[in-house]
$ cat protein.pdb   # PDB, C-alpha atoms and all ligand atoms
ATOM      1  CA  MET A1311      62.650  68.162 -14.529
ATOM      2  CA  LYS A1312      64.264  65.337 -16.481
ATOM      3  CA  VAL A1313      62.741  61.874 -16.400
ATOM      4  CA  LYS A1314      63.473  58.613 -18.183
ATOM      5  CA  GLU A1315      60.149  58.072 -19.904
ATOM      6  CA  PRO A1316      58.664  61.334 -21.137
ATOM      7  CA  LEU A1317      55.028  61.450 -22.253
ATOM      8  CA  VAL A1318      55.275  64.874 -23.874
ATOM      9  CA  SER A1319      58.033  66.145 -26.130
ATOM     10  CA  VAL A1320      58.701  69.864 -26.396
ATOM     11  CA  VAL A1321      60.827  70.758 -29.398
ATOM     12  CA  MET A1322      61.835  74.054 -30.941
ATOM     13  CA  GLY A1323      63.750  75.170 -33.991
ATOM     14  CA  SER A1324      66.345  77.222 -32.105
ATOM     15  CA  ASN A1325      67.354  78.069 -28.578
ATOM     16  CA  SER A1326      66.100  81.573 -29.423
ATOM     17  CA  ASP A1327      62.579  80.064 -29.211
ATOM     18  CA  TRP A1328      63.045  79.222 -25.537
ATOM     19  CA  ASN A1329      61.741  82.627 -24.343
ATOM     20  CA  VAL A1330      58.352  81.529 -25.662
ATOM     21  CA  MET A1331      58.531  77.752 -25.298
ATOM     22  CA  GLN A1332      59.464  77.928 -21.621
ATOM     23  CA  TYR A1333      55.784  78.669 -20.950
ATOM     24  CA  ALA A1334      54.762  75.253 -22.303
ATOM     25  CA  VAL A1335      57.430  73.601 -20.188
ATOM     26  CA  ALA A1336      56.299  75.543 -17.104
ATOM     27  CA  ILE A1337      52.792  74.074 -17.445
ATOM     28  CA  LEU A1338      54.069  70.512 -17.863
ATOM     29  CA  LYS A1339      56.280  71.026 -14.839
ATOM     30  CA  ASP A1340      53.423  72.443 -12.740
ATOM     31  CA  PHE A1341      51.242  69.441 -13.532
ATOM     32  CA  GLY A1342      54.096  67.011 -12.903
ATOM     33  CA  LEU A1343      53.974  65.473 -16.371
ATOM     34  CA  PRO A1344      57.064  63.643 -17.573
ATOM     35  CA  TYR A1345      58.494  65.568 -20.514
ATOM     36  CA  GLU A1346      61.627  66.113 -22.557
ATOM     37  CA  VAL A1347      62.854  69.311 -24.220
ATOM     38  CA  ARG A1348      65.182  69.664 -27.176
ATOM     39  CA  VAL A1349      66.198  71.824 -30.113
ATOM     40  CA  VAL A1350      65.533  70.251 -33.515
ATOM     41  CA  SER A1351      65.718  72.356 -36.649
ATOM     42  CA  ALA A1352      63.717  71.406 -39.742
ATOM     43  CA  HIS A1353      66.178  73.042 -42.139
ATOM     44  CA  ARG A1354      69.437  72.933 -40.184
ATOM     45  CA  THR A1355      69.180  69.400 -38.752
ATOM     46  CA  PRO A1356      66.612  67.684 -40.998
ATOM     47  CA  ASP A1357      67.987  64.177 -40.396
ATOM     48  CA  GLU A1358      67.762  64.584 -36.618
ATOM     49  CA  MET A1359      64.219  65.940 -37.022
ATOM     50  CA  PHE A1360      63.189  62.868 -39.052
ATOM     51  CA  GLU A1361      64.798  60.529 -36.556
ATOM     52  CA  PHE A1362      63.056  62.309 -33.684
ATOM     53  CA  ALA A1363      59.640  62.166 -35.384
ATOM     54  CA  GLU A1364      59.985  58.574 -36.584
ATOM     55  CA  THR A1365      60.858  57.257 -33.117
ATOM     56  CA  ALA A1366      58.447  59.384 -31.043
ATOM     57  CA  SER A1367      55.629  56.836 -31.024
ATOM     58  CA  GLN A1368      57.775  53.866 -30.062
ATOM     59  CA  ARG A1369      59.360  55.923 -27.297
ATOM     60  CA  GLY A1370      55.888  56.341 -25.758
ATOM     61  CA  ILE A1371      55.457  60.037 -26.568
ATOM     62  CA  HIS A1372      51.738  60.947 -26.411
ATOM     63  CA  CYS A1373      52.010  64.379 -28.003
ATOM     64  CA  ILE A1374      54.630  66.729 -29.374
ATOM     65  CA  ILE A1375      54.627  70.463 -28.727
ATOM     66  CA  ALA A1376      56.647  72.038 -31.527
ATOM     67  CA  GLY A1377      57.529  75.726 -31.582
ATOM     68  CA  ALA A1378      59.126  77.583 -34.464
ATOM     69  CA  GLY A1379      59.395  81.048 -35.940
ATOM     70  CA  GLY A1380      59.447  82.521 -39.437
ATOM     71  CA  ALA A1381      58.909  79.891 -42.143
ATOM     72  CA  ALA A1382      57.859  77.653 -39.285
ATOM     73  CA  HIS A1383      57.897  74.285 -41.011
ATOM     74  CA  LEU A1384      59.049  72.274 -37.977
ATOM     75  CA  PRO A1385      55.579  71.288 -36.637
ATOM     76  CA  GLY A1386      54.309  70.335 -40.105
ATOM     77  CA  MET A1387      57.401  68.344 -41.014
ATOM     78  CA  ILE A1388      57.318  66.457 -37.727
ATOM     79  CA  ALA A1389      53.606  65.740 -38.262
ATOM     80  CA  ALA A1390      54.453  64.379 -41.719
ATOM     81  CA  LYS A1391      56.687  61.735 -40.142
ATOM     82  CA  THR A1392      54.591  60.607 -37.176
ATOM     83  CA  THR A1393      50.968  59.982 -36.195
ATOM     84  CA  VAL A1394      51.646  61.333 -32.693
ATOM     85  CA  PRO A1395      49.541  64.526 -32.345
ATOM     86  CA  VAL A1396      51.577  67.688 -32.971
ATOM     87  CA  LEU A1397      50.702  70.952 -31.221
ATOM     88  CA  GLY A1398      52.259  73.865 -33.089
ATOM     89  CA  VAL A1399      53.325  77.062 -31.353
ATOM     90  CA  PRO A1400      54.086  80.080 -33.556
ATOM     91  CA  VAL A1401      57.063  81.920 -32.099
ATOM     92  CA  ASN A1402      57.282  85.704 -32.463
ATOM     93  CA  SER A1403      59.627  86.371 -35.363
ATOM     94  CA  ARG A1404      62.103  89.213 -35.749
ATOM     95  CA  TYR A1405      60.479  91.023 -38.677
ATOM     96  CA  LEU A1406      56.832  89.976 -38.932
ATOM     97  CA  ASN A1407      56.106  89.535 -35.231
ATOM     98  CA  GLY A1408      55.063  85.920 -35.621
ATOM     99  CA  LEU A1409      52.337  86.387 -38.217
ATOM    100  CA  ASP A1410      54.553  84.438 -40.628
ATOM    101  CA  SER A1411      54.995  81.681 -38.025
ATOM    102  CA  LEU A1412      51.248  81.545 -37.368
ATOM    103  CA  LEU A1413      50.297  81.266 -41.031
ATOM    104  CA  SER A1414      53.012  78.677 -41.687
ATOM    105  CA  ILE A1415      51.690  76.490 -38.885
ATOM    106  CA  VAL A1416      47.938  77.011 -39.216
ATOM    107  CA  GLN A1417      47.774  76.662 -42.997
ATOM    108  CA  MET A1418      48.669  72.964 -43.174
ATOM    109  CA  PRO A1419      47.231  71.402 -46.311
ATOM    110  CA  LYS A1420      44.491  68.811 -45.868
ATOM    111  CA  GLY A1421      45.607  65.372 -44.682
ATOM    112  CA  VAL A1422      48.365  66.049 -42.159
ATOM    113  CA  PRO A1423      47.020  68.102 -39.245
ATOM    114  CA  VAL A1424      48.904  70.297 -36.824
ATOM    115  CA  ALA A1425      46.920  71.819 -33.956
ATOM    116  CA  SER A1426      47.760  75.528 -34.027
ATOM    117  CA  PHE A1427      47.954  77.792 -31.037
ATOM    118  CA  ALA A1428      48.263  81.545 -30.516
ATOM    119  CA  ILE A1429      51.499  83.405 -31.217
ATOM    120  CA  GLY A1430      53.913  83.558 -28.308
ATOM    121  CA  GLU A1431      53.474  83.048 -24.585
ATOM    122  CA  ALA A1432      49.711  82.389 -24.619
ATOM    123  CA  GLY A1433      50.099  79.804 -27.366
ATOM    124  CA  ALA A1434      52.941  78.012 -25.613
ATOM    125  CA  SER A1435      51.114  77.971 -22.303
ATOM    126  CA  ASN A1436      47.878  76.769 -23.937
ATOM    127  CA  ALA A1437      49.741  74.055 -25.847
ATOM    128  CA  GLY A1438      51.016  72.845 -22.482
ATOM    129  CA  LEU A1439      47.477  72.893 -21.096
ATOM    130  CA  PHE A1440      46.179  71.103 -24.175
ATOM    131  CA  ALA A1441      48.743  68.346 -23.652
ATOM    132  CA  VAL A1442      47.583  68.111 -20.043
ATOM    133  CA  ALA A1443      43.951  67.834 -21.210
ATOM    134  CA  MET A1444      44.840  65.069 -23.669
ATOM    135  CA  LEU A1445      46.553  63.046 -20.958
ATOM    136  CA  ALA A1446      43.742  63.783 -18.502
ATOM    137  CA  ASN A1447      41.437  61.645 -20.670
ATOM    138  CA  SER A1448      43.093  58.522 -19.332
ATOM    139  CA  ASP A1449      44.430  59.685 -15.968
ATOM    140  CA  ASP A1450      42.149  60.749 -13.093
ATOM    141  CA  ARG A1451      44.969  62.405 -11.175
ATOM    142  CA  ILE A1452      45.732  64.723 -14.082
ATOM    143  CA  ARG A1453      42.027  65.361 -14.689
ATOM    144  CA  ASN A1454      41.539  66.415 -11.058
ATOM    145  CA  GLN A1455      44.548  68.711 -11.272
ATOM    146  CA  LEU A1456      43.121  70.330 -14.391
ATOM    147  CA  VAL A1457      39.728  70.847 -12.729
ATOM    148  CA  GLU A1458      41.503  72.455  -9.770
ATOM    149  CA  PHE A1459      43.553  74.674 -12.120
ATOM    150  CA  ARG A1460      40.370  75.913 -13.834
ATOM    151  CA  LYS A1461      38.727  76.506 -10.452
ATOM    152  CA  LYS A1462      41.647  78.642  -9.290
ATOM    153  CA  GLN A1463      41.465  80.675 -12.496
ATOM    154  CA  ALA A1464      37.755  81.284 -11.979
ATOM    155  CA  GLU A1465      38.392  82.336  -8.376
ATOM    156  CA  SER A1466      41.069  84.791  -9.463
ATOM    157  CA  VAL A1467      38.594  86.446 -11.834
ATOM    158  CA  ALA A1468      35.916  86.526  -9.138
ATOM    159  CA  ALA A1469      38.419  88.286  -6.856
ATOM    160  CA  MET A1470      39.238  90.988  -9.421
ATOM    161  CA  ARG A1471      38.403  94.518  -8.328
ATOM    162  CA  LEU A1472      38.171  97.635 -10.465
ATOM    163  CA  PRO A1473      39.027 101.186  -9.351
ATOM    164  CA  GLU A1474      36.155 103.398  -8.193
ATOM    165  CA  VAL A1475      34.852 105.740 -10.896
TER     166      VAL A1475
HETATM  167  C1  LIG B1501      63.489  79.073 -36.804
HETATM  168  O1  LIG B1501      64.172  80.227 -37.125
HETATM  169  C2  LIG B1501      63.493  78.973 -35.308
HETATM  170  O2  LIG B1501      62.345  78.334 -34.868
HETATM  171  C3  LIG B1501      63.583  80.396 -34.838
HETATM  172  O3  LIG B1501      62.330  80.882 -34.415
HETATM  173  C4  LIG B1501      64.022  81.158 -36.077
HETATM  174  C5  LIG B1501      65.308  81.936 -35.881
HETATM  175  O4  LIG B1501      66.331  81.055 -35.452
HETATM  176  P1  LIG B1501      67.725  81.636 -34.934
HETATM  177  O5  LIG B1501      68.308  82.396 -36.082
HETATM  178  O6  LIG B1501      67.428  82.515 -33.762
HETATM  179  O7  LIG B1501      68.545  80.422 -34.531
HETATM  180  O8  LIG B1501      64.106  77.961 -37.342
END

$ encode --input "protein.pdb" --output "structure tokens"
Amino acid sequence: MKVKEPLVSVVMGSNSDWNVMQYAVAILKDFGLPYEVRVVSAHRTPDEMFEFAETASQRGIHCIIAGAGGAAHLPGMIAAKTTVPVLGVPVNSRYLNGLDSLLSIVQMPKGVPVASFAIGEAGASNAGLFAVAMLANSDDRIRNQLVEFRKKQAESVAAMRLPEV
């Protein structure tokens, strides 16, 4: 889905992050939230990253979901250049399985926060749901959708059956 006025921005340091970040996008899509998706690299395209972060607020972006792997400085650097809330998703890295990404994102020094999520698919999906929850505060339609989503999850657990022992 591509719309003119996105409320949520999903950014990632490389197209290799898409395997994980697609789960955030899937949630935004399911809830019908207007979003945009792009690749912005903190170390390879720093000027574009600054421009993106500096203009996010005036473009009406309510929150930014930023995924990165390795020395995952993208969420923190974006947060340094905007007051729009940044939700950081640690992407599984090639050698340290995303532990490096997690620590890079979660260990922001005091003063410039980044909300940190779990490594990989769960983190990306939950970042999407967190964005939904933020927007639900001021939109009854979204809030009702979120309540329904939680209800369906609860029903799926209630319907779970275990093998006979
Ligand atoms: C980071 O480096 C990206 O977020 C990605 O997770 C990682 C590897 O990037 P590629 O070498 O796959 O482009 O900037």

$ resolve_selection --input "protein.pdb" --expression "the PyMOL selection byres (((not hetatm)) within 8 of (chain B and resi 1501))" --output "list in words"
Met1322, Gly1323, Ser1324, Asn1325, Ser1326, Asp1327, Ser1351, Ala1352, His1353, Arg1354, Gly1377, Ala1378, Gly1379, Gly1380, Ala1381, Ala1382, Leu1384, Val1401, Asn1402, Ser1403 and Arg1404 of chain A

$ residues_around --input "protein.pdb" --residues "Leu1343 (chain A)" --least-positions-apart "4" --cutoff "9 Å" --atoms "only C-alpha atoms" --output "PyMOL selection string"
chain A and resi 1316-1318+1337-1339+1442+1452

$ closest_residue --input "protein.pdb" --among "A:Ala1366, A:Gly1433, A:Gly1386, A:Tyr1345" --to "Met1331 (chain A)" --atoms "all atoms listed in the file"
A:Gly1433

$ atom_distance --input "protein.pdb" --atom1 "CA of Val1347 (chain A)" --atom2 "CA of Val1335 (chain A)"
8.0 Å

$ residues_around --input "protein.pdb" --residues "Pro1395 (chain A)" --least-positions-apart "6" --cutoff "8 Å" --atoms "only C-alpha atoms" --output "PyMOL selection string"
chain A and resi 1372-1374+1389+1424-1425

$ build_atoms --input "protein.pdb" --residues "region 1404-1426 of chain A" --atoms "N, CA and C atoms" --output "short mmCIF file (atom, residue, chain, number, x, y, z; two decimals), in the coordinates of the input"
data_model
loop_
_atom_site.label_atom_id
_atom_site.label_comp_id
_atom_site.auth_asym_id
_atom_site.auth_seq_id
_atom_site.Cartn_x
_atom_site.Cartn_y
_atom_site.Cartn_z
N ARG A 1404 61.40 87.93 -35.83
CA ARG A 1404 62.10 89.21 -35.75
C ARG A 1404 61.42 90.31 -36.58
N TYR A 1405 60.97 89.97 -37.78
CA TYR A 1405 60.48 91.02 -38.68
C TYR A 1405 58.96 91.09 -38.83
N LEU A 1406 58.28 89.97 -38.72
CA LEU A 1406 56.83 89.98 -38.93
C LEU A 1406 56.06 89.64 -37.66
N ASN A 1407 56.74 89.71 -36.55
CA ASN A 1407 56.11 89.54 -35.23
C ASN A 1407 55.36 88.22 -35.03
N GLY A 1408 55.68 87.24 -35.83
CA GLY A 1408 55.06 85.92 -35.62
C GLY A 1408 53.87 85.63 -36.51
N LEU A 1409 53.45 86.64 -37.30
CA LEU A 1409 52.34 86.39 -38.22
C LEU A 1409 52.75 85.35 -39.26
N ASP A 1410 54.01 85.44 -39.70
CA ASP A 1410 54.55 84.44 -40.63
C ASP A 1410 54.54 83.05 -39.99
N SER A 1411 54.96 82.97 -38.74
CA SER A 1411 55.00 81.68 -38.02
C SER A 1411 53.58 81.11 -37.91
N LEU A 1412 52.64 81.98 -37.54
CA LEU A 1412 51.25 81.54 -37.37
C LEU A 1412 50.69 80.97 -38.66
N LEU A 1413 50.86 81.72 -39.75
CA LEU A 1413 50.30 81.27 -41.03
C LEU A 1413 50.99 79.99 -41.51
N SER A 1414 52.29 79.90 -41.28
CA SER A 1414 53.01 78.68 -41.69
C SER A 1414 52.46 77.46 -40.96
N ILE A 1415 52.13 77.63 -39.69
CA ILE A 1415 51.69 76.49 -38.88
C ILE A 1415 50.22 76.20 -39.11
N VAL A 1416 49.39 77.23 -39.16
CA VAL A 1416 47.94 77.01 -39.22
C VAL A 1416 47.47 76.57 -40.61
N GLN A 1417 48.23 76.94 -41.63
CA GLN A 1417 47.77 76.66 -43.00
C GLN A 1417 48.29 75.32 -43.53
N MET A 1418 48.27 74.29 -42.69
CA MET A 1418 48.67 72.96 -43.17
C MET A 1418 47.66 72.47 -44.22
N PRO A 1419 48.14 71.96 -45.32
CA PRO A 1419 47.23 71.40 -46.31
C PRO A 1419 46.49 70.18 -45.73
N LYS A 1420 45.34 69.91 -46.33
CA LYS A 1420 44.49 68.81 -45.87
C LYS A 1420 45.25 67.48 -45.83
N GLY A 1421 45.05 66.72 -44.75
CA GLY A 1421 45.61 65.37 -44.68
C GLY A 1421 46.61 65.13 -43.58
N VAL A 1422 47.37 66.18 -43.24
CA VAL A 1422 48.36 66.05 -42.16
C VAL A 1422 48.14 67.22 -41.19
N PRO A 1423 47.38 66.98 -40.13
CA PRO A 1423 47.02 68.10 -39.24
C PRO A 1423 48.10 68.48 -38.24
N VAL A 1424 48.13 69.77 -37.96
CA VAL A 1424 48.90 70.30 -36.82
C VAL A 1424 47.93 71.19 -36.05
N ALA A 1425 47.77 70.95 -34.77
CA ALA A 1425 46.92 71.82 -33.96
C ALA A 1425 47.67 73.12 -33.74
N SER A 1426 47.05 74.25 -34.10
CA SER A 1426 47.76 75.53 -34.03
C SER A 1426 47.31 76.36 -32.84
#
